[in-house]
file final_25.cif (mmCIF, C-alpha atoms)
data_model
loop_
_atom_site.group_PDB
_atom_site.id
_atom_site.type_symbol
_atom_site.label_atom_id
_atom_site.label_comp_id
_atom_site.auth_asym_id
_atom_site.auth_seq_id
_atom_site.Cartn_x
_atom_site.Cartn_y
_atom_site.Cartn_z
ATOM 1 C CA MET A 184 15.477 -9.303 21.906
ATOM 2 C CA LYS A 185 13.600 -12.401 20.823
ATOM 3 C CA ILE A 186 15.762 -14.762 18.696
ATOM 4 C CA SER A 187 13.929 -16.782 16.087
ATOM 5 C CA ASN A 188 15.006 -20.048 14.489
ATOM 6 C CA TRP A 189 16.058 -18.036 11.402
ATOM 7 C CA SER A 190 19.154 -16.919 13.360
ATOM 8 C CA LEU A 191 20.495 -20.508 13.256
ATOM 9 C CA LEU A 192 20.840 -20.472 9.456
ATOM 10 C CA PRO A 193 24.372 -20.455 8.012
ATOM 11 C CA VAL A 194 25.996 -17.047 7.694
ATOM 12 C CA LEU A 195 26.296 -17.438 3.936
ATOM 13 C CA VAL A 196 22.493 -17.569 3.747
ATOM 14 C CA VAL A 197 21.817 -14.761 6.206
ATOM 15 C CA LEU A 198 24.395 -12.335 4.826
ATOM 16 C CA PRO A 199 23.020 -12.084 1.270
ATOM 17 C CA ALA A 200 19.525 -11.628 2.717
ATOM 18 C CA CYS A 201 20.767 -8.705 4.818
ATOM 19 C CA LEU A 202 22.444 -7.128 1.825
ATOM 20 C CA SER A 203 19.243 -7.499 -0.208
ATOM 21 C CA ALA A 204 17.268 -5.760 2.526
ATOM 22 C CA GLN A 205 19.730 -2.875 2.454
ATOM 23 C CA ASP A 206 19.503 -2.648 -1.324
ATOM 24 C CA ALA A 207 15.702 -2.557 -1.153
ATOM 25 C CA LYS A 208 15.423 0.655 0.829
ATOM 26 C CA PRO A 209 12.020 2.265 0.435
ATOM 27 C CA GLN A 210 11.977 5.121 -2.045
ATOM 28 C CA PRO A 211 11.228 8.583 -0.614
ATOM 29 C CA LEU A 212 7.666 9.754 -1.190
ATOM 30 C CA PRO A 213 7.194 12.561 -3.717
ATOM 31 C CA LYS A 214 6.081 15.908 -2.361
ATOM 32 C CA ALA A 215 2.346 16.510 -2.299
ATOM 33 C CA ASP A 216 2.825 19.640 -4.416
ATOM 34 C CA SER A 217 4.238 17.574 -7.280
ATOM 35 C CA ILE A 218 1.406 15.026 -7.053
ATOM 36 C CA LEU A 219 -1.291 17.718 -7.145
ATOM 37 C CA ASP A 220 0.452 19.588 -9.966
ATOM 38 C CA ARG A 221 0.812 16.341 -11.907
ATOM 39 C CA TYR A 222 -2.951 15.828 -11.636
ATOM 40 C CA VAL A 223 -3.464 19.230 -13.267
ATOM 41 C CA GLN A 224 -1.137 18.246 -16.096
ATOM 42 C CA VAL A 225 -2.639 14.825 -16.812
ATOM 43 C CA THR A 226 -6.174 16.227 -16.792
ATOM 44 C CA GLY A 227 -5.430 18.942 -19.342
ATOM 45 C CA GLY A 228 -2.978 21.491 -17.968
ATOM 46 C CA LYS A 229 -3.368 24.830 -16.204
ATOM 47 C CA GLY A 230 -3.944 26.683 -19.471
ATOM 48 C CA ALA A 231 -6.944 24.518 -20.347
ATOM 49 C CA TYR A 232 -8.511 25.098 -16.928
ATOM 50 C CA GLU A 233 -7.992 28.853 -17.189
ATOM 51 C CA LYS A 234 -9.973 28.951 -20.448
ATOM 52 C CA HIS A 235 -13.064 27.834 -18.534
ATOM 53 C CA LYS A 236 -15.144 30.728 -17.207
ATOM 54 C CA ASN A 237 -18.112 28.703 -15.939
ATOM 55 C CA GLN A 238 -19.401 25.141 -16.029
ATOM 56 C CA ILE A 239 -22.683 23.238 -16.323
ATOM 57 C CA LEU A 240 -22.561 19.540 -15.406
ATOM 58 C CA THR A 241 -25.471 17.197 -16.073
ATOM 59 C CA GLY A 242 -25.879 13.549 -15.168
ATOM 60 C CA THR A 243 -27.820 10.923 -13.288
ATOM 61 C CA ILE A 244 -27.880 9.966 -9.622
ATOM 62 C CA GLU A 245 -28.850 6.624 -8.096
ATOM 63 C CA PHE A 246 -29.419 5.364 -4.561
ATOM 64 C CA PRO A 247 -29.289 1.588 -5.212
ATOM 65 C CA ALA A 248 -30.413 0.433 -1.762
ATOM 66 C CA MET A 249 -33.480 2.674 -1.920
ATOM 67 C CA GLY A 250 -34.268 2.051 -5.569
ATOM 68 C CA LEU A 251 -34.166 5.786 -6.263
ATOM 69 C CA LYS A 252 -32.979 7.412 -9.470
ATOM 70 C CA GLY A 253 -32.936 10.950 -10.717
ATOM 71 C CA LYS A 254 -31.177 13.724 -12.550
ATOM 72 C CA VAL A 255 -28.470 16.074 -11.311
ATOM 73 C CA THR A 256 -27.521 19.469 -12.706
ATOM 74 C CA ARG A 257 -24.713 21.613 -11.287
ATOM 75 C CA TYR A 258 -23.715 25.166 -12.214
ATOM 76 C CA THR A 259 -20.397 26.648 -11.039
ATOM 77 C CA ALA A 260 -18.599 29.925 -11.680
ATOM 78 C CA PRO A 261 -15.736 31.971 -10.200
ATOM 79 C CA GLY A 262 -16.390 33.886 -6.997
ATOM 80 C CA ASP A 263 -17.574 30.793 -5.103
ATOM 81 C CA LYS A 264 -20.854 30.603 -7.023
ATOM 82 C CA GLU A 265 -22.566 27.228 -7.198
ATOM 83 C CA TYR A 266 -26.088 25.905 -7.688
ATOM 84 C CA SER A 267 -27.073 22.240 -7.748
ATOM 85 C CA LEU A 268 -30.431 20.650 -8.479
ATOM 86 C CA ILE A 269 -31.219 16.981 -7.828
ATOM 87 C CA GLU A 270 -34.573 15.756 -9.131
ATOM 88 C CA LEU A 271 -35.462 12.375 -7.649
ATOM 89 C CA ASP A 272 -38.238 10.234 -9.087
ATOM 90 C CA SER A 273 -41.288 10.009 -6.791
ATOM 91 C CA ILE A 274 -39.710 12.254 -4.125
ATOM 92 C CA GLY A 275 -39.024 15.647 -5.636
ATOM 93 C CA SER A 276 -36.181 18.105 -5.781
ATOM 94 C CA ILE A 277 -33.185 18.934 -3.607
ATOM 95 C CA GLU A 278 -31.549 22.302 -4.224
ATOM 96 C CA SER A 279 -28.291 23.584 -2.778
ATOM 97 C CA GLY A 280 -25.853 26.336 -3.474
ATOM 98 C CA ILE A 281 -23.246 28.926 -2.579
ATOM 99 C CA TYR A 282 -23.950 32.617 -3.092
ATOM 100 C CA LEU A 283 -22.381 35.732 -1.557
ATOM 101 C CA GLY A 284 -20.634 33.653 1.083
ATOM 102 C CA ALA A 285 -23.754 31.759 2.178
ATOM 103 C CA ALA A 286 -24.158 27.988 1.857
ATOM 104 C CA TRP A 287 -27.714 26.697 1.755
ATOM 105 C CA GLU A 288 -29.931 23.710 1.000
ATOM 106 C CA LYS A 289 -33.623 23.155 0.341
ATOM 107 C CA SER A 290 -35.526 19.893 -0.094
ATOM 108 C CA VAL A 291 -39.171 18.873 -0.260
ATOM 109 C CA LEU A 292 -38.646 16.692 2.798
ATOM 110 C CA LEU A 293 -36.700 19.003 5.138
ATOM 111 C CA GLY A 294 -37.406 22.452 3.750
ATOM 112 C CA PRO A 295 -34.861 25.297 3.557
ATOM 113 C CA ARG A 296 -31.832 25.693 5.773
ATOM 114 C CA ILE A 297 -28.541 27.567 5.967
ATOM 115 C CA LYS A 298 -25.278 25.761 6.571
ATOM 116 C CA ASN A 299 -23.021 27.105 9.273
ATOM 117 C CA ALA A 300 -19.532 26.650 10.726
ATOM 118 C CA ASP A 301 -17.537 23.687 9.342
ATOM 119 C CA GLU A 302 -20.376 22.540 7.084
ATOM 120 C CA ARG A 303 -20.518 25.973 5.452
ATOM 121 C CA ASP A 304 -16.751 26.160 4.957
ATOM 122 C CA GLN A 305 -16.672 22.622 3.584
ATOM 123 C CA SER A 306 -19.406 23.397 1.034
ATOM 124 C CA ILE A 307 -17.571 26.516 -0.136
ATOM 125 C CA ARG A 308 -14.346 24.538 -0.613
ATOM 126 C CA GLU A 309 -16.179 21.877 -2.618
ATOM 127 C CA ALA A 310 -17.796 24.537 -4.796
ATOM 128 C CA ARG A 311 -14.525 26.277 -5.703
ATOM 129 C CA PHE A 312 -14.408 26.785 -9.460
ATOM 130 C CA ASN A 313 -11.400 25.169 -11.176
ATOM 131 C CA ALA A 314 -10.418 23.644 -7.830
ATOM 132 C CA PRO A 315 -7.506 21.542 -9.206
ATOM 133 C CA ILE A 316 -5.521 24.697 -10.044
ATOM 134 C CA GLU A 317 -6.697 26.516 -6.902
ATOM 135 C CA TRP A 318 -5.586 23.920 -4.360
ATOM 136 C CA LYS A 319 -3.008 26.198 -2.739
ATOM 137 C CA LYS A 320 -5.769 28.663 -1.857
ATOM 138 C CA ILE A 321 -8.084 25.927 -0.583
ATOM 139 C CA TYR A 322 -5.578 23.890 1.427
ATOM 140 C CA PRO A 323 -2.684 25.827 3.014
ATOM 141 C CA LYS A 324 -1.032 22.588 4.133
ATOM 142 C CA VAL A 325 -0.593 19.428 2.047
ATOM 143 C CA GLU A 326 1.649 16.423 2.604
ATOM 144 C CA THR A 327 2.221 12.954 1.181
ATOM 145 C CA ILE A 328 1.718 10.489 4.032
ATOM 146 C CA GLY A 329 1.999 7.079 2.394
ATOM 147 C CA THR A 330 0.846 4.704 -0.309
ATOM 148 C CA LYS A 331 -2.187 2.458 -0.654
ATOM 149 C CA ASP A 332 -3.304 -0.245 -3.060
ATOM 150 C CA ILE A 333 -6.794 0.527 -4.356
ATOM 151 C CA ASP A 334 -8.234 -2.274 -6.469
ATOM 152 C CA GLY A 335 -4.783 -3.180 -7.785
ATOM 153 C CA ASP A 336 -3.764 0.422 -8.457
ATOM 154 C CA GLU A 337 -0.866 1.615 -6.272
ATOM 155 C CA CYS A 338 -1.651 5.140 -5.109
ATOM 156 C CA TYR A 339 -0.004 7.976 -3.213
ATOM 157 C CA GLU A 340 -2.000 9.213 -0.238
ATOM 158 C CA VAL A 341 -2.071 13.000 0.131
ATOM 159 C CA LEU A 342 -3.381 14.716 3.266
ATOM 160 C CA LEU A 343 -4.911 18.135 2.569
ATOM 161 C CA SER A 344 -5.573 20.364 5.588
ATOM 162 C CA PRO A 345 -8.002 23.294 5.217
ATOM 163 C CA PRO A 346 -7.960 26.431 7.386
ATOM 164 C CA SER A 347 -10.977 25.088 9.289
ATOM 165 C CA GLY A 348 -12.590 21.694 9.645
ATOM 166 C CA LYS A 349 -11.103 18.257 9.281
ATOM 167 C CA PRO A 350 -8.440 17.250 6.712
ATOM 168 C CA VAL A 351 -9.158 15.419 3.467
ATOM 169 C CA HIS A 352 -7.325 12.315 2.215
ATOM 170 C CA GLN A 353 -6.881 11.967 -1.548
ATOM 171 C CA PHE A 354 -5.381 8.997 -3.374
ATOM 172 C CA PHE A 355 -3.642 9.476 -6.733
ATOM 173 C CA SER A 356 -2.573 6.659 -9.035
ATOM 174 C CA LYS A 357 1.213 6.301 -9.284
ATOM 175 C CA LYS A 358 0.811 5.117 -12.869
ATOM 176 C CA THR A 359 -1.596 7.688 -14.309
ATOM 177 C CA GLY A 360 -1.479 10.567 -11.831
ATOM 178 C CA LEU A 361 -5.286 10.602 -11.723
ATOM 179 C CA LEU A 362 -7.371 10.929 -8.567
ATOM 180 C CA VAL A 363 -8.843 7.563 -7.585
ATOM 181 C CA ARG A 364 -10.382 8.061 -4.140
ATOM 182 C CA THR A 365 -11.190 10.752 -1.576
ATOM 183 C CA THR A 366 -11.982 10.067 2.082
ATOM 184 C CA MET A 367 -12.910 12.498 4.830
ATOM 185 C CA ILE A 368 -14.960 13.073 7.948
ATOM 186 C CA ALA A 369 -17.589 15.444 6.587
ATOM 187 C CA ALA A 370 -19.661 17.916 8.569
ATOM 188 C CA SER A 371 -23.392 17.454 8.007
ATOM 189 C CA GLN A 372 -26.761 18.433 9.435
ATOM 190 C CA MET A 373 -26.719 15.170 11.403
ATOM 191 C CA GLY A 374 -23.142 15.579 12.674
ATOM 192 C CA ASP A 375 -19.824 14.228 11.439
ATOM 193 C CA VAL A 376 -20.049 11.480 8.802
ATOM 194 C CA ASP A 377 -17.373 9.189 7.334
ATOM 195 C CA VAL A 378 -17.326 9.711 3.573
ATOM 196 C CA GLU A 379 -15.573 7.754 0.816
ATOM 197 C CA VAL A 380 -15.755 8.776 -2.842
ATOM 198 C CA ASN A 381 -14.313 6.571 -5.591
ATOM 199 C CA VAL A 382 -14.045 8.144 -9.056
ATOM 200 C CA SER A 383 -13.312 6.519 -12.407
ATOM 201 C CA GLU A 384 -13.937 6.508 -16.168
ATOM 202 C CA TYR A 385 -12.278 9.813 -17.005
ATOM 203 C CA LYS A 386 -13.438 11.487 -20.216
ATOM 204 C CA VAL A 387 -12.421 14.738 -21.908
ATOM 205 C CA PHE A 388 -14.857 17.661 -21.961
ATOM 206 C CA SER A 389 -13.682 20.983 -23.414
ATOM 207 C CA GLY A 390 -10.024 20.064 -22.981
ATOM 208 C CA ILE A 391 -10.255 18.738 -19.402
ATOM 209 C CA ARG A 392 -10.352 15.106 -18.293
ATOM 210 C CA VAL A 393 -13.221 14.606 -15.860
ATOM 211 C CA PRO A 394 -14.186 11.487 -13.873
ATOM 212 C CA THR A 395 -17.635 10.505 -15.120
ATOM 213 C CA VAL A 396 -18.445 7.888 -12.471
ATOM 214 C CA SER A 397 -18.515 8.706 -8.765
ATOM 215 C CA LYS A 398 -19.418 6.032 -6.224
ATOM 216 C CA GLN A 399 -19.994 7.621 -2.841
ATOM 217 C CA ARG A 400 -20.551 6.247 0.635
ATOM 218 C CA ALA A 401 -21.619 8.571 3.439
ATOM 219 C CA GLY A 402 -22.163 6.620 6.641
ATOM 220 C CA SER A 403 -24.565 3.817 5.716
ATOM 221 C CA GLN A 404 -25.853 5.588 2.606
ATOM 222 C CA GLU A 405 -24.472 4.799 -0.844
ATOM 223 C CA LEU A 406 -25.034 6.587 -4.128
ATOM 224 C CA ARG A 407 -23.670 6.704 -7.665
ATOM 225 C CA ILE A 408 -23.391 9.747 -9.909
ATOM 226 C CA THR A 409 -22.767 9.349 -13.638
ATOM 227 C CA VAL A 410 -21.776 12.441 -15.622
ATOM 228 C CA ASP A 411 -23.409 12.688 -19.029
ATOM 229 C CA ASP A 412 -22.108 16.056 -20.178
ATOM 230 C CA VAL A 413 -19.995 19.026 -19.072
ATOM 231 C CA ARG A 414 -20.470 22.337 -20.866
ATOM 232 C CA VAL A 415 -18.350 25.437 -20.305
ATOM 233 C CA ASN A 416 -18.389 29.158 -21.082
ATOM 234 C CA GLU A 417 -22.135 29.360 -21.595
ATOM 235 C CA ASN A 418 -24.315 32.383 -20.900
ATOM 236 C CA ILE A 419 -25.286 31.786 -17.272
ATOM 237 C CA SER A 420 -27.211 34.609 -15.634
ATOM 238 C CA ASP A 421 -26.059 35.628 -12.168
ATOM 239 C CA SER A 422 -29.652 35.090 -11.037
ATOM 240 C CA ARG A 423 -29.128 31.358 -11.590
ATOM 241 C CA PHE A 424 -27.051 31.304 -8.414
ATOM 242 C CA GLU A 425 -29.482 33.293 -6.289
ATOM 243 C CA PRO A 426 -31.207 31.196 -3.589
ATOM 244 C CA PRO A 427 -34.999 30.733 -3.535
ATOM 245 C CA ALA A 428 -36.946 33.537 -1.850
ATOM 246 C CA ASP A 429 -37.455 31.687 1.450
ATOM 247 C CA VAL A 430 -33.749 30.848 1.663
ATOM 248 C CA SER A 431 -32.804 34.447 0.855
ATOM 249 C CA ALA A 432 -35.018 35.615 3.706
ATOM 250 C CA MET A 433 -33.242 33.244 6.097
ATOM 251 C CA ILE A 434 -29.841 34.515 4.936
ATOM 252 C CA ARG A 435 -30.854 38.151 5.445
ATOM 253 C CA LYS A 436 -32.183 37.369 8.923
ATOM 254 C CA ALA A 437 -29.012 35.489 9.903
ATOM 255 C CA LYS A 438 -26.824 38.313 8.616
ATOM 256 C CA ALA A 439 -28.835 40.944 10.485
ATOM 257 C CA SER A 440 -28.642 38.901 13.685
ATOM 258 C CA ALA A 441 -24.878 38.524 13.328
ATOM 259 C CA GLU A 442 -24.543 42.289 12.876
ATOM 260 C CA GLY A 443 -26.716 42.969 15.912
ATOM 261 C CA ARG A 444 -29.561 44.430 13.887
ATOM 262 C CA LEU A 445 -33.228 43.542 13.772
ATOM 263 C CA PRO A 446 -34.139 41.484 10.695
#
call {"tool": "encode", "arguments": {"input": "final_25.cif", "output": "structure tokens"}}
result
Amino acid sequence: MKISNWSLLPVLVVLPACLSAQDAKPQPLPKADSILDRYVQVTGGKGAYEKHKNQILTGTIEFPAMGLKGKVTRYTAPGDKEYSLIELDSIGSIESGIYLGAAWEKSVLLGPRIKNADERDQSIREARFNAPIEWKKIYPKVETIGTKDIDGDECYEVLLSPPSGKPVHQFFSKKTGLLVRTTMIAASQMGDVDVEVNVSEYKVFSGIRVPTVSKQRAGSQELRITVDDVRVNENISDSRFEPPADVSAMIRKAKASAEGRLP
């Protein structure tokens, strides 16, 4: 064992220091369940979430490095139904969604495609309606693995492991209980990508506190989403979640192939 010069100090100096170290034992980390349940409480409570039967989110999206701006609209409903539309100035639209177990995407640049394997499962998890109160169904294993200072806010780090794919790290403020950051290795069309999402500026919409600013980094790409409004319990037709005709054709063909039938 290496002996430093501190060992030559008088015993009366060393002894109190040792006692102080014993007194300052690190506090045990709270269970992940309690952290996730606290988030539900501080954002409105389970009862408030359960009153929501569907949701329409509208806002703006920016890609600062590319000088691109646009609008984003997202519809979600129970039964893993989701449809998102991004309309970018000078480029066009990007559509994506979840319907009848299929995850898909269509853009003016890359055309239509169906997501498979981990990317499909990941998209379905992210589309889960009322996800904060459904976390036990989404992530069968959760654990608190440490703490981290994020911009002066001490946070608990929770590791959430899904049935398939890579785990997700979420950081919740010790002080407020609110989610501050999410990091993960996301599956994408181009392969695995390091993703970091920082959320802030929570506001109340229909009884639920929602982060209205999301700063995201995926690989070398950065974007910012600002939520303008969140409406719930509106009359949304089921057809709103149906994919475009060309995507539907791809889904039918893939399903027929998987079942060993001709498309």
call {"tool": "residues_around", "arguments": {"input": "final_25.cif", "residues": "Asn237 in chain A", "least_positions_apart": "6", "cutoff": "10 Å", "atoms": "all atoms listed in the file", "output": "list in words"}}
result
Tyr258, Thr259, Ala260, Pro261, Lys264, Glu265, Phe312, Asn313, Arg414, Val415, Asn416, Glu417, Asn418 and Ile419 of chain A
call {"tool": "residues_around", "arguments": {"input": "final_25.cif", "residues": "range 266-282 of chain A", "least_positions_apart": "3", "cutoff": "8 Å", "atoms": "only C-alpha atoms", "output": "list in words"}}
result
Ile244, Leu251, Lys252, Gly253, Lys254, Val255, Thr256, Arg257, Tyr258, Thr259, Asp263, Ala285, Ala286, Trp287, Glu288, Lys289, Ser290, Val291, Ser306, Ile307, Ala310, Arg423, Phe424, Glu425 and Pro426 of chain A
call {"tool": "write_last_selection", "arguments": {"input": "final_25.cif", "atoms": "C-alpha atoms", "output": "compact mmCIF listing (two decimals), in the frame of the given file"}}
result
# COMPACT_ATOMS: atom_id res chain seq x y z
CA ILE A 244 -27.88 9.97 -9.62
CA LEU A 251 -34.17 5.79 -6.26
CA LYS A 252 -32.98 7.41 -9.47
CA GLY A 253 -32.94 10.95 -10.72
CA LYS A 254 -31.18 13.72 -12.55
CA VAL A 255 -28.47 16.07 -11.31
CA THR A 256 -27.52 19.47 -12.71
CA ARG A 257 -24.71 21.61 -11.29
CA TYR A 258 -23.72 25.17 -12.21
CA THR A 259 -20.40 26.65 -11.04
CA ASP A 263 -17.57 30.79 -5.10
CA ALA A 285 -23.75 31.76 2.18
CA ALA A 286 -24.16 27.99 1.86
CA TRP A 287 -27.71 26.70 1.76
CA GLU A 288 -29.93 23.71 1.00
CA LYS A 289 -33.62 23.16 0.34
CA SER A 290 -35.53 19.89 -0.09
CA VAL A 291 -39.17 18.87 -0.26
CA SER A 306 -19.41 23.40 1.03
CA ILE A 307 -17.57 26.52 -0.14
CA ALA A 310 -17.80 24.54 -4.80
CA ARG A 423 -29.13 31.36 -11.59
CA PHE A 424 -27.05 31.30 -8.41
CA GLU A 425 -29.48 33.29 -6.29
CA PRO A 426 -31.21 31.20 -3.59
call {"tool": "resolve_selection", "arguments": {"input": "final_25.cif", "expression": "the PyMOL selection byres ((chain A and resi 223) around 10)", "output": "list in words"}}
result
Ser217, Ile218, Leu219, Asp220, Arg221, Tyr222, Gln224, Val225, Thr226, Gly227, Gly228, Lys229, Gly230, Ala231, Tyr232, Ala314, Pro315, Ile316, Gly360, Leu361, Ile391 and Arg392 of chain A
call {"tool": "atom_distance", "arguments": {"input": "final_25.cif", "atom1": "CA of Phe354 in chain A", "atom2": "CA of Val382 in chain A"}}
result
10.4 Å
call {"tool": "residues_around", "arguments": {"input": "final_25.cif", "residues": "Met367 in chain A", "least_positions_apart": "5", "cutoff": "8 Å", "atoms": "all atoms listed in the file", "output": "CSV table (one decimal) with C-alpha atoms, in the coordinates of the input"}}
result
chain,number,residue,atom,x,y,z
A,349,LYS,CA,-11.1,18.3,9.3
A,350,PRO,CA,-8.4,17.2,6.7
A,351,VAL,CA,-9.2,15.4,3.5
A,352,HIS,CA,-7.3,12.3,2.2
A,377,ASP,CA,-17.4,9.2,7.3
A,378,VAL,CA,-17.3,9.7,3.6
A,379,GLU,CA,-15.6,7.8,0.8
call {"tool": "closest_residue", "arguments": {"input": "final_25.cif", "among": "A:Lys358, A:Arg296, A:Lys214, A:His235", "to": "Met433 in chain A", "atoms": "only C-alpha atoms"}}
result
A:Arg296
call {"tool": "residues_around", "arguments": {"input": "final_25.cif", "residues": "Ile328 in chain A", "least_positions_apart": "2", "cutoff": "7 Å", "atoms": "only C-alpha atoms", "output": "VMD selection string"}}
result
chain A and resid 326 340 to 342
call {"tool": "atom_distance", "arguments": {"input": "final_25.cif", "atom1": "CA of Pro345 in chain A", "atom2": "CA of Arg308 in chain A"}}
result
8.7 Å
call {"tool": "resolve_selection", "arguments": {"input": "final_25.cif", "expression": "the PyMOL selection byres ((chain A and resi 402) around 8)", "output": "ChimeraX atom specification"}}
result
/A:376-378,400-401,403-404
call {"tool": "closest_residue", "arguments": {"input": "final_25.cif", "among": "A:Pro211, A:Asn299, A:Leu283, A:Asp332", "to": "Asp421 in chain A", "atoms": "all atoms listed in the file"}}
result
A:Leu283
call {"tool": "atom_distance", "arguments": {"input": "final_25.cif", "atom1": "CA of Gln353 in chain A", "atom2": "CA of Met249 in chain A"}}
result
28.2 Å
call {"tool": "decode", "arguments": {"input": "final_25.cif", "residues": "range 210-239 of chain A", "atoms": "C-alpha atoms", "output": "PDB file, in the first residue's frame"}}
result
ATOM      1  CA  GLN A 210     -27.102   7.626   1.149  1.00  0.00           C
ATOM      2  CA  PRO A 211     -28.703   4.579  -0.507  1.00  0.00           C
ATOM      3  CA  LEU A 212     -30.238   5.295  -3.902  1.00  0.00           C
ATOM      4  CA  PRO A 213     -34.040   5.272  -4.080  1.00  0.00           C
ATOM      5  CA  LYS A 214     -35.640   2.466  -6.042  1.00  0.00           C
ATOM      6  CA  ALA A 215     -36.340   3.186  -9.690  1.00  0.00           C
ATOM      7  CA  ASP A 216     -40.020   2.374  -9.133  1.00  0.00           C
ATOM      8  CA  SER A 217     -40.356   5.249  -6.666  1.00  0.00           C
ATOM      9  CA  ILE A 218     -38.579   7.682  -9.010  1.00  0.00           C
ATOM     10  CA  LEU A 219     -40.819   6.784 -11.961  1.00  0.00           C
ATOM     11  CA  ASP A 220     -43.959   6.897  -9.812  1.00  0.00           C
ATOM     12  CA  ARG A 221     -42.893  10.266  -8.415  1.00  0.00           C
ATOM     13  CA  TYR A 222     -42.643  11.598 -11.972  1.00  0.00           C
ATOM     14  CA  VAL A 223     -46.270  10.586 -12.535  1.00  0.00           C
ATOM     15  CA  GLN A 224     -47.294  12.429  -9.382  1.00  0.00           C
ATOM     16  CA  VAL A 225     -45.417  15.667 -10.064  1.00  0.00           C
ATOM     17  CA  THR A 226     -46.711  15.818 -13.637  1.00  0.00           C
ATOM     18  CA  GLY A 227     -50.362  15.493 -12.643  1.00  0.00           C
ATOM     19  CA  GLY A 228     -51.079  12.098 -11.110  1.00  0.00           C
ATOM     20  CA  LYS A 229     -52.335   8.796 -12.499  1.00  0.00           C
ATOM     21  CA  GLY A 230     -55.957   9.944 -12.418  1.00  0.00           C
ATOM     22  CA  ALA A 231     -55.225  12.918 -14.672  1.00  0.00           C
ATOM     23  CA  TYR A 232     -53.444  10.709 -17.207  1.00  0.00           C
ATOM     24  CA  GLU A 233     -56.309   8.213 -17.234  1.00  0.00           C
ATOM     25  CA  LYS A 234     -58.764  10.966 -18.208  1.00  0.00           C
ATOM     26  CA  HIS A 235     -56.899  11.384 -21.497  1.00  0.00           C
ATOM     27  CA  LYS A 236     -58.267   9.201 -24.294  1.00  0.00           C
ATOM     28  CA  ASN A 237     -56.173  10.623 -27.141  1.00  0.00           C
ATOM     29  CA  GLN A 238     -53.750  13.466 -27.776  1.00  0.00           C
ATOM     30  CA  ILE A 239     -52.835  15.960 -30.501  1.00  0.00           C
TER      31      ILE A 239
END
